[in-house]
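Novice: Can you keep this structure in mind? I'll have questions shortly.
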Amino acid sequence: MLEETEEIGRRVRRARLRLGMPQADLAAALGKSQGWVSKMERGQIEIDRVGLLSTIAAELHVHPNDLIGRPYTSSPADNQWQVAAASILRELRRYDLTPVFEGTPRLSSGLWRDMTRLHRLRDAAAYVAILRVLPDLLREARALAEVSSGHEREEAYATYAVACKFAHTAAHALGHAELITMAAERAAWSARLSGDPVMPALADWMRIWDMWATADWNDSLSLSDKALGSIQDDYDHGDPLAIRMWGSLQLRAAVSAARAGRPSESEDRIVRARAAAERMTNHQGPPVYDRHSVTFSPGNVQIHAISVALECGDQTRALAVNRRTSPELVAALPNSRQGHHRMDLARAWLWHGNRDKALAELETAERIAPQLVRNHPMARSTLRSIVHAERSATREKLRRMSDRFHLDG
């Protein structure tokens with residue numbers, strides 16, 4: 001596993017040399033020393049923040065996945081999800097052609113029932129299962145749009161957009177860059193045809209995520225504000241779905257601001273998201289179906305507050321926020337969000353110098369959401385750091401003991 005760090009360093013070096021860029025220039029762009037870059041390229045320093053990884057990749061004009069070797073090499077059985085991903089890409093490429101669908105498509109109410117199932121799979125972080133469902137669902141949604149009109153046609157496009165959102169989420173988790181890009185593009189196209197006033201903001205929410213890969217922090221903030229403005233009136237009037245999306249966009253903006261080195265704005269965005277969560281919690285009336293599948297909640301706001309503290313390099317604040325966070329709020333979150341949270345806590349404890357707690361949090365994260373954690377670059381970075389530190393500590397203990405035993409004499 002430690003060889004993975006060395007290989008990442010070699011990929012960085014090859015990308016840098018391909019551009020004819022001196023180490024000093026890359027160091028200046030990153031705000032690091034030349035010595036830091038040299039150590040990183042030799043595999044002696046972990047790239048332990050997503051924002052840092054994205055910034056390095058952007059300076060070298062490559063995708064972050066190119067540097068970390070993602071999707072990761074695994075067994076043939078573990079790679080079968082790429083068959084489903086290829087089928088989804090095929091459907092998305094032919095989005096404006098007559099769909100190839102035998103029989104009569106179901107009404108939109110039937111398609112939305114499938115969305116509820118996908119929502120549960122997403123909550124369980126069962127990303128491979130999501131990908132296997134999507135090719136047929138995308139095809140049927142397009143077929144329904146082709147043969148229907150009015151509201152039913154709009155609902156067909158709405159289900160197509162949300163199906164693209166599930167493809168986008170799974171592709172991010174598993175590391176399929178092409179599917180990420182195309183799912184976002186098709187979501188934007190179908191959202192405009194859906195008749196749902198919130199759906200275009202969902203497509204922007206997806207694009208913000210994609211901008212992180214190229215370290216376009218300021219653009220991602222601008223897009224966040226554009227999307228927020230598009231649903232501001234509905235938010236002000238208390239529309240429950242608009243409140244969910246508004247809060248989710250504020251959380252996206254909080255992460256963007258943290259990675260842009262703007263901690264005060266990041267904190268302000270968290271405060272706004274918390275206000276939206278309180279409004280949602282105080283909503284009177286029957287339960288609202290989260291048709292956009294954004295999973296916004298007070299607990300989600302809290303774990304984002306911890307995450308942005310880490311993005312700002314402040315593990316002490318991250319752990320302090322965690323101590324103030326109700327365990328019940330975290331327990332109410334879906335496995336996918338709990339897995340992310342535990343990965344963040346593992347990094348926080350590692351940076352705090354407590355490897356035992358870091359490993360315990362990482363083990364918990366893997367137990368809760370194995371597909372997410374095993375494919376997440378920061379989980380792998382954290383585990384590599386723990387392994388390296390343990391080996392270094394063991395070597396030092398052995399050296400001291402051999403000195404005491406005069407083994408060299």
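By convention here, the chains of the structure tokens are called A, B, ... in the order presented, each chain's residues are numbered starting at 1, and ligands are numbered starting at 1 in the order presented.
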If you count only C-alpha atoms, which residues fall within 8 Å of Glu311 (chain A), apart from same-chain ones fewer than 6 positions away, as a list of chain:residue names?

Specialist: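 The contact residues come out as A:Arg49, A:Val50, A:Gly51, A:Val255, A:Ala258, A:Arg259.
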
Novice: Name all residues at most 12 Å from Gly150 (chain A) (count only C-alpha atoms; drop same-chain ones fewer than 6 positions away) and give them as a PyMOL selection string.

Specialist: chain A and resi 144+156-157+193-195

Novice: Which of these residues is nearest to Ser266 (chain A), using only C-alpha atoms: A:Ser307, A:Gln284, A:Ser222, A:Ser109?

Specialist: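 Checking each of A:Ser307, A:Gln284, A:Ser222, A:Ser109 against Ser266 (chain A), counting only C-alpha atoms, the winner is A:Ser307.
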
Novice: Residues within 10 Å of Leu333 (chain A), please, as JSON, numbers by chain. Count only C-alpha atoms; anything in the same chain fewer than 2 positions from it doesn't count.

Specialist: {"A": [123, 295, 296, 297, 298, 299, 300, 303, 328, 329, 330, 331, 335, 336, 337, 338, 339, 341]}
